[in-house]
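Trainee: Sharing a structure, written as structure tokens. Questions coming.
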Amino acid sequence: MAKVLMQGNEACVEGAIAAGLKFYAGYPITPSTEIAEGCAKRLPQVGGHFVQMEDELASMAAIIGASATGAKSMTATSGPGFSLKQENIGYACLAEVPCVIVDVQRCGPSTGLPTSPSQGDYMQARWGTHGDHPVIAISPATVTESYMLAIRAFNLSEKYRTPVIFLMDEIVGHMREGIDIPSPDEIEIINRREAGNLGAYKFAYRVPEGKISLGLKPFGEGSRYNMTGLMHDYAGFPDNSPEDAAELMNRIMDKINDHLDDILDTEEYLLDDAEYAVVCFGGTTRAVRDAVDEARASGIKVGMWRPKTVWPFPEEDLRKLKDRLKGILMVEHNYGQMLLEVQRCVEGKIPVKFIGRIDGTVIPPSEILDKIKEMNA
């Protein structure tokens with residue numbers, strides 16, 4: 001284990017490489033540019049490839065193509081570029097192409113405040129592409145998590161054969177702190193399953209057990225099959241049957257929903273005897289933790305609940321909490337996006353207060369503490 005000083009964006013690169021990243025395609029955009037820079041430097045050193053694409057649409061298409069050849073692939077962007085990637089993200093969902101999309105959120109909409117913090121892409125991470133589709137989105141709160149959860153993003157992508165969104169934000173991406181880099185033998189790495197050459201292309205999307213396909217043999221290795229954004233049969237060829245479309249869509253949704261115990265990850269802080277909870281994610285976490293500590297010092301029983309897996313939303317965990325809490329405070333750098341999920345989960349049983357910020361500045365612990373005291377009054 002090695003102790004190093006590292007930026008969040010740099011840790012994302014190193015975690016991705018530790019997970020087996022071999023191909024990166026992207027276009028520089030603030031505040032994610034350090035990820036492109038890091039991949040340009042590091043990937044050639046580990047036998048990988050970096051390509052600067054002409055735009056974000058092409059970047060997403062490129063990592064889909066690279067993944068189809070068997071390479072673990074990643075792209076990174078910020079809000080405007082994330083919007084441009086959405087159509088091809090939907091393609092990857094339906095074609096079941098493993099890949100990781102990093103979004104280092106910034107204040108928007110449009111060009112907005114390119115160097116300022118925001119968490120305004122939370123809903124876009126779930127609903128950005130059209131149609132119903134499976135989604136896994138992970139949000140780190142520290143530089144250490146930027147490293148470790150980047151590895152987890154790749155593991156989940158390979159295991160469930162789906163795109164995974166790594167939802168960072170400017171605060172975490174540009175934060176620097178000392179982290180312990182684990183040795184390779186301390187890290188679990190999940191690699192892609194391959195069905196092997198079954199002698200016929202018609203078995204490309206065969207699912208003999210569970211809801212996860214066996215895995216497509218990499219392009220160029222002797223097994224023929226079709227890959228399409230249309231509803232398709234087991235060979236990947238277009239299929240207009242409503243029954244087959246329903247079977248396909250239910251399967252790709254269920255392969256996520258049936259494995260929530262494995263996918264969901266949350267953090268609870270001082271919640272054992274708490275009467276109030278502050279909910280947050282990503283870059284707001286440090287300010288919330290400080291406010292909770294100060295509130296505890298003044299005698300207020302409050303704790304913090306934070307989803308690390310932000311989609312699917314860990315709603316059952318939150319529902320269990322609501323039965324013993326007097327109230328919840330939601331803190332996020334947007335106009336109230338995760339707030340809607342929290343309100344849905346508590347079903348009006350307890351009050352949900354809100355602190356949001358959309359002016360490009362950070363929410364200080366003092367503001368959160370004042371709101372906690374107001375709730376406890």
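Each chain in the structure tokens gets a letter, A, B and so on, in the order shown; residues start at 1 in every chain, and ligands are counted from 1 in the order they appear.
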I'd like the neighbourhood of Leu43 in chain A as a list in words, where a residue qualifies if any of its atoms comes within 10 Å (using only C-alpha atoms), though same-chain residues fewer than 5 positions away should be ignored.
Mentor: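 Those residues are Val13, Glu14, Ile17, Leu21, Lys22, Phe23, Tyr24, Gly38, Gly48, His49 and Phe50 of chain A.
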Trainee: Skip Gly108 in chain A itself and residues of its chain fewer than 3 positions away, then list as a ChimeraX atom specification all residues within 8 Å of it, counting only C-alpha atoms.
Mentor: /A:79,111-114,118,120
Trainee: The selected residues should be written to file as a JSON list (two decimals), in the first residue's frame (atoms: all heavy atoms).
Mentor:
[["chain", "number", "residue", "atom", "x", "y", "z"],
["A", 79, "GLY", "N", -21.31, 18.24, -17.91],
["A", 79, "GLY", "CA", -22.71, 18.33, -18.25],
["A", 79, "GLY", "C", -23.08, 18.42, -19.72],
["A", 79, "GLY", "O", -23.84, 17.59, -20.22],
["A", 111, "THR", "N", -23.57, 26.31, -21.18],
["A", 111, "THR", "CA", -22.18, 26.47, -20.76],
["A", 111, "THR", "C", -22.10, 26.84, -19.29],
["A", 111, "THR", "O", -21.16, 26.47, -18.58],
["A", 111, "THR", "CB", -21.49, 27.54, -21.63],
["A", 111, "THR", "OG1", -21.69, 27.21, -23.00],
["A", 111, "THR", "CG2", -20.01, 27.60, -21.34],
["A", 112, "GLY", "N", -23.09, 27.57, -18.79],
["A", 112, "GLY", "CA", -23.22, 27.82, -17.37],
["A", 112, "GLY", "C", -21.99, 28.44, -16.74],
["A", 112, "GLY", "O", -21.42, 29.41, -17.24],
["A", 113, "LEU", "N", -21.57, 27.85, -15.63],
["A", 113, "LEU", "CA", -20.34, 28.24, -14.94],
["A", 113, "LEU", "C", -19.40, 27.04, -15.00],
["A", 113, "LEU", "O", -19.44, 26.16, -14.13],
["A", 113, "LEU", "CB", -20.64, 28.61, -13.47],
["A", 113, "LEU", "CG", -21.57, 29.81, -13.26],
["A", 113, "LEU", "CD1", -21.96, 29.92, -11.78],
["A", 113, "LEU", "CD2", -20.90, 31.11, -13.72],
["A", 114, "PRO", "N", -18.55, 26.98, -16.01],
["A", 114, "PRO", "CA", -17.81, 25.75, -16.30],
["A", 114, "PRO", "C", -16.87, 25.27, -15.20],
["A", 114, "PRO", "O", -16.55, 24.08, -15.14],
["A", 114, "PRO", "CB", -17.02, 26.10, -17.57],
["A", 114, "PRO", "CG", -17.74, 27.24, -18.17],
["A", 114, "PRO", "CD", -18.31, 28.02, -17.03],
["A", 118, "SER", "N", -21.53, 21.70, -8.99],
["A", 118, "SER", "CA", -22.96, 21.45, -9.16],
["A", 118, "SER", "C", -23.19, 19.95, -9.07],
["A", 118, "SER", "O", -22.26, 19.14, -9.24],
["A", 118, "SER", "CB", -23.44, 21.96, -10.52],
["A", 118, "SER", "OG", -24.79, 21.58, -10.74],
["A", 120, "GLY", "N", -26.16, 18.94, -10.76],
["A", 120, "GLY", "CA", -27.36, 19.12, -11.54],
["A", 120, "GLY", "C", -27.62, 18.06, -12.58],
["A", 120, "GLY", "O", -28.63, 18.14, -13.30]]
Trainee: For Thr144 in chain A, please output as an mmCIF file with C-alpha atoms, in the first residue's frame all residues within 8 Å (counting only C-alpha atoms; exclusion window: fewer than 6 positions along the same chain).
Mentor:
data_model
loop_
_atom_site.group_PDB
_atom_site.id
_atom_site.type_symbol
_atom_site.label_atom_id
_atom_site.label_comp_id
_atom_site.auth_asym_id
_atom_site.auth_seq_id
_atom_site.Cartn_x
_atom_site.Cartn_y
_atom_site.Cartn_z
ATOM 1 C CA GLY A 8 -10.037 13.263 -7.464
ATOM 2 C CA ALA A 11 -7.642 9.035 -8.669
ATOM 3 C CA ILE A 179 -4.920 8.444 -0.168
ATOM 4 C CA ASP A 180 -3.651 4.913 0.349
#
Trainee: With only C-alpha atoms as the counted atoms, please give the residues lying no more than 12 Å from Asp265 in chain A, apart from itself and same-chain residues fewer than 3 positions off, as a list of chain:residue names.
Mentor: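 Result of the neighbour search: A:Ile136, A:Ala137, A:Ile138, A:Ser139, A:Pro140, A:Leu149, A:Arg152, A:Ala153, A:Leu260, A:Asp261, A:Asp262, A:Glu268, A:Phe281, A:Trp305, A:Arg306, A:Pro307, A:Lys308, A:Thr309, A:Val310, A:Trp311, A:Pro312, A:Phe313, A:Pro314, A:Glu315, A:Glu316, A:Asp317.
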Trainee: Give the alpha helix (DSSP H) residues of range 246-375 of chain A, as assigned by DSSP on the backbone, as a PyMOL selection string.
Mentor: chain A and resi 246-257+260-263+285-297+315-322+338-346+365-375
Trainee: Which residues are close to Glu177 in chain A, i.e. within 8 Å by only C-alpha atoms, leaving aside same-chain residues fewer than 4 positions away? Reply as a PyMOL selection string.
Mentor: chain A and resi 5-7+143
Trainee: Excluding Glu34 in chain A and its own-chain neighbours fewer than 5 positions away, which residues fall within 10 Å of it when counting only C-alpha atoms? Please give them as JSON, numbers by chain.
Mentor: {"A": [7, 8, 9, 10, 12, 13, 28, 29, 39, 40, 76, 173, 174]}
Trainee: So the first atom is CA of Met148 in chain A and the second is CA of Pro163 in chain A; what is the distance between them in Å, to one decimal place?
Mentor: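 Taking CA of Met148 in chain A as the start and CA of Pro163 in chain A as the end point, the length is 17.7 Å.
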Trainee: Name the residues in contact with Ala2 in chain A at a cut-off of 12 Å, using only C-alpha atoms, excluding same-chain residues fewer than 5 positions from it; report them as a CSV table (one decimal) with C-alpha atoms, in the first residue's frame.
Mentor:
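Saved as out.csv:
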chain,number,residue,atom,x,y,z
A,178,GLY,CA,-3.7,11.9,0.7
A,179,ILE,CA,-4.9,8.4,-0.2
A,180,ASP,CA,-3.7,4.9,0.3
A,181,ILE,CA,-3.3,3.1,-3.0
A,182,PRO,CA,-3.9,-0.6,-2.3
A,183,SER,CA,-1.6,-3.2,-3.7
A,184,PRO,CA,-3.1,-5.2,-6.7
Trainee: Range 200-361 of chain A: which residues are strand (DSSP E or B) by DSSP, as a PDB file with N, CA and C atoms, in the first residue's frame?
Mentor:
ATOM      1  N   HIS A 232     -33.989  -7.053 -30.475  1.00  0.00           N
ATOM      2  CA  HIS A 232     -33.316  -8.118 -31.207  1.00  0.00           C
ATOM      3  C   HIS A 232     -33.567  -9.486 -30.591  1.00  0.00           C
ATOM      4  N   PRO A 238     -32.548  -7.814 -35.677  1.00  0.00           N
ATOM      5  CA  PRO A 238     -33.808  -7.124 -35.395  1.00  0.00           C
ATOM      6  C   PRO A 238     -34.985  -8.065 -35.318  1.00  0.00           C
ATOM      7  N   THR A 266     -24.414   2.181   0.482  1.00  0.00           N
ATOM      8  CA  THR A 266     -24.731   3.412   1.205  1.00  0.00           C
ATOM      9  C   THR A 266     -23.786   3.595   2.391  1.00  0.00           C
ATOM     10  N   GLU A 267     -23.759   4.803   2.906  1.00  0.00           N
ATOM     11  CA  GLU A 267     -23.009   5.101   4.129  1.00  0.00           C
ATOM     12  C   GLU A 267     -23.961   5.685   5.159  1.00  0.00           C
ATOM     13  N   GLU A 268     -23.890   5.172   6.387  1.00  0.00           N
ATOM     14  CA  GLU A 268     -24.634   5.742   7.508  1.00  0.00           C
ATOM     15  C   GLU A 268     -23.638   6.293   8.519  1.00  0.00           C
ATOM     16  N   TYR A 269     -23.902   7.494   9.015  1.00  0.00           N
ATOM     17  CA  TYR A 269     -22.997   8.147   9.964  1.00  0.00           C
ATOM     18  C   TYR A 269     -23.812   8.670  11.146  1.00  0.00           C
ATOM     19  N   TYR A 276     -33.002  12.824  13.626  1.00  0.00           N
ATOM     20  CA  TYR A 276     -33.034  13.509  12.339  1.00  0.00           C
ATOM     21  C   TYR A 276     -31.900  12.951  11.475  1.00  0.00           C
ATOM     22  N   ALA A 277     -32.097  13.007  10.168  1.00  0.00           N
ATOM     23  CA  ALA A 277     -31.057  12.569   9.244  1.00  0.00           C
ATOM     24  C   ALA A 277     -30.858  13.632   8.170  1.00  0.00           C
ATOM     25  N   VAL A 278     -29.608  13.846   7.816  1.00  0.00           N
ATOM     26  CA  VAL A 278     -29.275  14.695   6.678  1.00  0.00           C
ATOM     27  C   VAL A 278     -28.876  13.766   5.533  1.00  0.00           C
ATOM     28  N   VAL A 279     -29.527  13.913   4.401  1.00  0.00           N
ATOM     29  CA  VAL A 279     -29.248  13.088   3.229  1.00  0.00           C
ATOM     30  C   VAL A 279     -28.418  13.910   2.247  1.00  0.00           C
ATOM     31  N   VAL A 302     -28.608  13.826  15.496  1.00  0.00           N
ATOM     32  CA  VAL A 302     -28.730  13.859  14.047  1.00  0.00           C
ATOM     33  C   VAL A 302     -27.618  13.004  13.447  1.00  0.00           C
ATOM     34  N   GLY A 303     -27.900  12.414  12.303  1.00  0.00           N
ATOM     35  CA  GLY A 303     -26.911  11.624  11.595  1.00  0.00           C
ATOM     36  C   GLY A 303     -26.965  11.909  10.106  1.00  0.00           C
ATOM     37  N   MET A 304     -26.147  11.203   9.365  1.00  0.00           N
ATOM     38  CA  MET A 304     -26.072  11.390   7.912  1.00  0.00           C
ATOM     39  C   MET A 304     -26.347  10.071   7.210  1.00  0.00           C
ATOM     40  N   TRP A 305     -27.130  10.154   6.137  1.00  0.00           N
ATOM     41  CA  TRP A 305     -27.347   8.997   5.261  1.00  0.00           C
ATOM     42  C   TRP A 305     -26.956   9.390   3.858  1.00  0.00           C
ATOM     43  N   ARG A 306     -26.074   8.581   3.247  1.00  0.00           N
ATOM     44  CA  ARG A 306     -25.535   8.933   1.929  1.00  0.00           C
ATOM     45  C   ARG A 306     -25.545   7.721   1.012  1.00  0.00           C
ATOM     46  N   PRO A 307     -26.235   7.812  -0.122  1.00  0.00           N
ATOM     47  CA  PRO A 307     -26.099   6.753  -1.122  1.00  0.00           C
ATOM     48  C   PRO A 307     -24.813   6.928  -1.924  1.00  0.00           C
ATOM     49  N   THR A 309     -24.213   4.355  -4.290  1.00  0.00           N
ATOM     50  CA  THR A 309     -24.938   4.007  -5.509  1.00  0.00           C
ATOM     51  C   THR A 309     -26.163   4.907  -5.531  1.00  0.00           C
ATOM     52  N   VAL A 310     -26.176   5.868  -6.449  1.00  0.00           N
ATOM     53  CA  VAL A 310     -27.283   6.830  -6.466  1.00  0.00           C
ATOM     54  C   VAL A 310     -28.410   6.398  -7.391  1.00  0.00           C
ATOM     55  N   TRP A 311     -28.108   5.520  -8.360  1.00  0.00           N
ATOM     56  CA  TRP A 311     -29.117   4.835  -9.166  1.00  0.00           C
ATOM     57  C   TRP A 311     -28.685   3.392  -9.347  1.00  0.00           C
ATOM     58  N   GLY A 327     -37.541  13.765  11.175  1.00  0.00           N
ATOM     59  CA  GLY A 327     -37.443  14.598   9.985  1.00  0.00           C
ATOM     60  C   GLY A 327     -36.162  14.341   9.224  1.00  0.00           C
ATOM     61  N   ILE A 328     -36.145  14.779   7.969  1.00  0.00           N
ATOM     62  CA  ILE A 328     -34.988  14.616   7.087  1.00  0.00           C
ATOM     63  C   ILE A 328     -34.659  15.962   6.462  1.00  0.00           C
ATOM     64  N   LEU A 329     -33.372  16.227   6.322  1.00  0.00           N
ATOM     65  CA  LEU A 329     -32.890  17.404   5.605  1.00  0.00           C
ATOM     66  C   LEU A 329     -32.116  16.924   4.393  1.00  0.00           C
ATOM     67  N   MET A 330     -32.535  17.328   3.206  1.00  0.00           N
ATOM     68  CA  MET A 330     -31.829  16.982   1.967  1.00  0.00           C
ATOM     69  C   MET A 330     -30.920  18.136   1.570  1.00  0.00           C
ATOM     70  N   VAL A 331     -29.637  17.827   1.314  1.00  0.00           N
ATOM     71  CA  VAL A 331     -28.654  18.839   0.937  1.00  0.00           C
ATOM     72  C   VAL A 331     -28.012  18.432  -0.380  1.00  0.00           C
ATOM     73  N   GLU A 332     -28.157  19.258  -1.408  1.00  0.00           N
ATOM     74  CA  GLU A 332     -27.551  18.941  -2.705  1.00  0.00           C
ATOM     75  C   GLU A 332     -27.330  20.222  -3.505  1.00  0.00           C
ATOM     76  N   VAL A 352     -39.709  16.691   5.180  1.00  0.00           N
ATOM     77  CA  VAL A 352     -38.436  16.701   4.462  1.00  0.00           C
ATOM     78  C   VAL A 352     -38.105  18.153   4.119  1.00  0.00           C
ATOM     79  N   LYS A 353     -37.060  18.688   4.739  1.00  0.00           N
ATOM     80  CA  LYS A 353     -36.591  20.041   4.448  1.00  0.00           C
ATOM     81  C   LYS A 353     -35.482  19.978   3.405  1.00  0.00           C
ATOM     82  N   PHE A 354     -35.154  21.144   2.842  1.00  0.00           N
ATOM     83  CA  PHE A 354     -34.227  21.138   1.711  1.00  0.00           C
ATOM     84  C   PHE A 354     -33.293  22.338   1.735  1.00  0.00           C
ATOM     85  N   ILE A 355     -32.020  22.067   1.424  1.00  0.00           N
ATOM     86  CA  ILE A 355     -31.051  23.116   1.130  1.00  0.00           C
ATOM     87  C   ILE A 355     -30.453  22.795  -0.233  1.00  0.00           C
ATOM     88  N   GLY A 356     -30.587  23.721  -1.165  1.00  0.00           N
ATOM     89  CA  GLY A 356     -30.010  23.549  -2.493  1.00  0.00           C
ATOM     90  C   GLY A 356     -29.179  24.759  -2.861  1.00  0.00           C
TER      91      GLY A 356
END
Trainee: Per residue of range 234-286 of chain A within 9 Å of range 126-133 of chain A, what are the shortest atom pair and its distance in Å to one decimal, counting only C-alpha atoms, with rows by chain and residue number, as CSV?
Mentor:
residue,atom,partner,partner_atom,distance
A:Met249,CA,A:His133,CA,7.9
A:Ile252,CA,A:His133,CA,7.6
A:Met253,CA,A:His133,CA,6.6
Trainee: Could the residues in this selection be saved with N, CA, C and O atoms as a PDB file, in the first residue's frame?
Mentor:
ATOM      1  N   MET A 249     -36.718  -6.524 -22.934  1.00  0.00           N
ATOM      2  CA  MET A 249     -36.718  -5.349 -22.073  1.00  0.00           C
ATOM      3  C   MET A 249     -36.849  -5.715 -20.605  1.00  0.00           C
ATOM      4  O   MET A 249     -36.153  -5.152 -19.745  1.00  0.00           O
ATOM      5  N   ILE A 252     -33.373  -7.042 -19.377  1.00  0.00           N
ATOM      6  CA  ILE A 252     -32.285  -6.100 -19.109  1.00  0.00           C
ATOM      7  C   ILE A 252     -32.613  -5.186 -17.931  1.00  0.00           C
ATOM      8  O   ILE A 252     -31.697  -4.661 -17.281  1.00  0.00           O
ATOM      9  N   MET A 253     -33.899  -4.990 -17.639  1.00  0.00           N
ATOM     10  CA  MET A 253     -34.258  -4.244 -16.432  1.00  0.00           C
ATOM     11  C   MET A 253     -34.075  -5.116 -15.195  1.00  0.00           C
ATOM     12  O   MET A 253     -33.525  -4.682 -14.173  1.00  0.00           O
TER      13      MET A 253
END
